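Asks: Would you mind keeping the following structure in view while I ask a few things?
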Amino acid sequence: MARALINVPAKAKKGEIVEIKTLLSHPMETGFRPAADGKLVPRNIIKRFVCTYDGEAVFSADLFPAISANPFLSFTLVATNSGVITFSWTDDNDETQVQTAKIEVV
Amino acid sequence: MNTDAQSLDLSRRAFLAGAAGASICVIAPSARATPEAMAQAITDFTGGKPVKEGRVVVDIPVLLESGHSVPTIVRVDSPMSPQNYVRAIALFNERNPQPNVGVFHLTPRSGRAWVSTRIRLGDSQKVVAVAQMSDGSFASGSIDVIVTLPACVEGA
């Protein structure tokens, strides 16, 4: 669907709070903006973001058109164990893009 | 002479700024959210429960050159333990076409009640964050920001 940038620290101490940064390349078309012909450009935004860590949803977000283009989200997680962190973005057409990142907890 | 040139330059600048603003912001005033619409959106989020002011900090630069991509941080004073944590943070505005900005769902595994994103602001306005605690109570924080170039409906 689009290019995603994810920043997860490769290594963390057990119990450490790590900062996760995500950015998806997406226009976040608001549906309030007229095109050259005066008609409104149909809304197309990322409406849902979910972050799962060991299969458990640890952070999620419901987004509205007031989120800027190329939605950037940053949040924190407690590094509990080595594993895969999964990120998924769902747009208005219910298309979902999934990306993963590995974290090693020592 | 010199002052004349300066004042001319200033008025031309003011005119250009006004003209640019007029061509960009073609949104009808009725299409905007209002403080009342924001209050309604907050009531929808809280289910009508009382909201206590405090514990929530909305961090946005107070003076913004552009409203297109406004770095926004919300943090809530919470231990984020399994017994006492922030369940959700909702962000609202009063002058965009819609009062809702986003709802962020947290868990004790978040570690910190902290979220950072970038938002659109259609005008100088108040931005409010409401946090839902794990015990079902609500707290809020807000900030007034000035936007010189709003992110409103752009004509092509």
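Ordered as shown in the structure tokens, chains take letters A, B, and onward, while each chain numbers its residues from 1 and ligands are numbered from 1 in the order shown.
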With a distance threshold of 6 Å and counting only C-alpha atoms, extract the residues of chain A near chain B and express them as a list of chain:residue names.
Replies: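 So the residues of chain A near chain B are A:Ile17, A:Arg33, A:Pro34, A:Ala35, A:Ala36, A:Val58, A:Phe59, A:Ser60, A:Ala61, A:Asp62, A:Leu63, A:Phe64, A:Ala66, A:Ile67, A:Ser68, A:Phe72, A:Leu73, A:Ser74, A:Phe75, A:Thr76, A:Leu77, A:Val78.
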Asks: Which polymer residues have any atom within 6 Å of an atom of A:Asp91, counting only C-alpha atoms, with same-chain residues fewer than 3 positions away left out, as a ChimeraX atom specification?
Replies: /A:45-47,94-95
Asks: Could you give me, as an NGL selection string, each residue of chain A that DSSP assigns to strand (DSSP E) when run on this structure's backbone?
Replies: :A and (4-7 or 11-12 or 17-24 or 46-53 or 56-63 or 72-78 or 83-91 or 96-105)
Asks: Using only C-alpha atoms, pick whichever of B:Val130, B:Ile42, B:Val74, B:Met80 has the shortest atom-to-atom distance to B:Val58.
Replies: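 Result for the nearest residue to B:Val58: B:Val74.
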Asks: List the spatial neighbours of stretch 80-87 of chain A as a list in words - criterion: any atom at most 8 Å away, only C-alpha atoms, same-chain residues fewer than 4 positions off excluded.
Replies: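 Non-adjacent residues within range: Lys14, Gly15, Glu16, Phe49, Val50, Cys51, Thr52, Tyr53, Asp54, Val98, Gln99, Thr100, Ala101, Lys102, Ile103, Glu104, Val105 and Val106 of chain A.
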Asks: Please produce a file of the residues just selected, as a short mmCIF file (atom, residue, chain, number, x, y, z; two decimals), in the first residue's frame, where the atoms kept are N, CA and C atoms.
Replies:
data_model
loop_
_atom_site.label_atom_id
_atom_site.label_comp_id
_atom_site.auth_asym_id
_atom_site.auth_seq_id
_atom_site.Cartn_x
_atom_site.Cartn_y
_atom_site.Cartn_z
N LYS A 14 15.37 -5.75 29.95
CA LYS A 14 14.07 -6.23 30.39
C LYS A 14 13.43 -5.19 31.32
N GLY A 15 12.21 -4.83 31.03
CA GLY A 15 11.50 -3.86 31.85
C GLY A 15 11.72 -2.42 31.44
N GLU A 16 12.63 -2.20 30.51
CA GLU A 16 12.90 -0.83 30.05
C GLU A 16 11.73 -0.30 29.23
N PHE A 49 -5.09 2.23 13.64
CA PHE A 49 -3.70 1.78 13.77
C PHE A 49 -3.63 0.85 14.97
N VAL A 50 -2.98 -0.29 14.80
CA VAL A 50 -2.86 -1.23 15.92
C VAL A 50 -1.40 -1.69 16.02
N CYS A 51 -0.91 -1.74 17.25
CA CYS A 51 0.43 -2.27 17.50
C CYS A 51 0.29 -3.49 18.41
N THR A 52 0.78 -4.63 17.96
CA THR A 52 0.72 -5.85 18.79
C THR A 52 2.13 -6.31 19.14
N TYR A 53 2.25 -6.80 20.36
CA TYR A 53 3.54 -7.28 20.88
C TYR A 53 3.23 -8.61 21.52
N ASP A 54 3.87 -9.68 21.08
CA ASP A 54 3.56 -11.09 21.45
C ASP A 54 2.07 -11.36 21.31
N VAL A 98 0.58 -4.23 6.90
CA VAL A 98 1.20 -4.76 8.12
C VAL A 98 2.72 -4.71 7.98
N GLN A 99 3.37 -4.25 9.03
CA GLN A 99 4.83 -4.23 9.07
C GLN A 99 5.26 -4.81 10.41
N THR A 100 6.44 -5.40 10.42
CA THR A 100 6.92 -5.95 11.69
C THR A 100 8.32 -5.45 12.01
N ALA A 101 8.66 -5.49 13.29
CA ALA A 101 10.00 -5.14 13.73
C ALA A 101 10.38 -6.09 14.85
N LYS A 102 11.68 -6.43 14.91
CA LYS A 102 12.15 -7.35 15.96
C LYS A 102 12.76 -6.55 17.09
N ILE A 103 12.57 -7.04 18.29
CA ILE A 103 13.23 -6.43 19.43
C ILE A 103 13.89 -7.54 20.24
N GLU A 104 15.14 -7.29 20.65
CA GLU A 104 15.86 -8.27 21.46
C GLU A 104 15.93 -7.73 22.88
N VAL A 105 15.41 -8.49 23.83
CA VAL A 105 15.40 -8.06 25.23
C VAL A 105 16.41 -8.89 25.99
N VAL A 106 17.35 -8.19 26.63
CA VAL A 106 18.43 -8.90 27.35
C VAL A 106 18.37 -8.61 28.85
#
Asks: Figure out the distance between atom CA of B:Ser78 and atom CA of B:Gly47, please, to one decimal in Å.
Replies: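 Atom-to-atom, atom CA of B:Gly47 and atom CA of B:Ser78 are spaced 21.7 Å apart.
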Asks: When distances are computed from only C-alpha atoms, which of B:Asn84, B:Asp44, B:Val62, B:Ser137 shows the smallest separation from B:Gln125?
Replies: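 Among B:Asn84, B:Asp44, B:Val62, B:Ser137, it is B:Val62 that comes nearest to B:Gln125.
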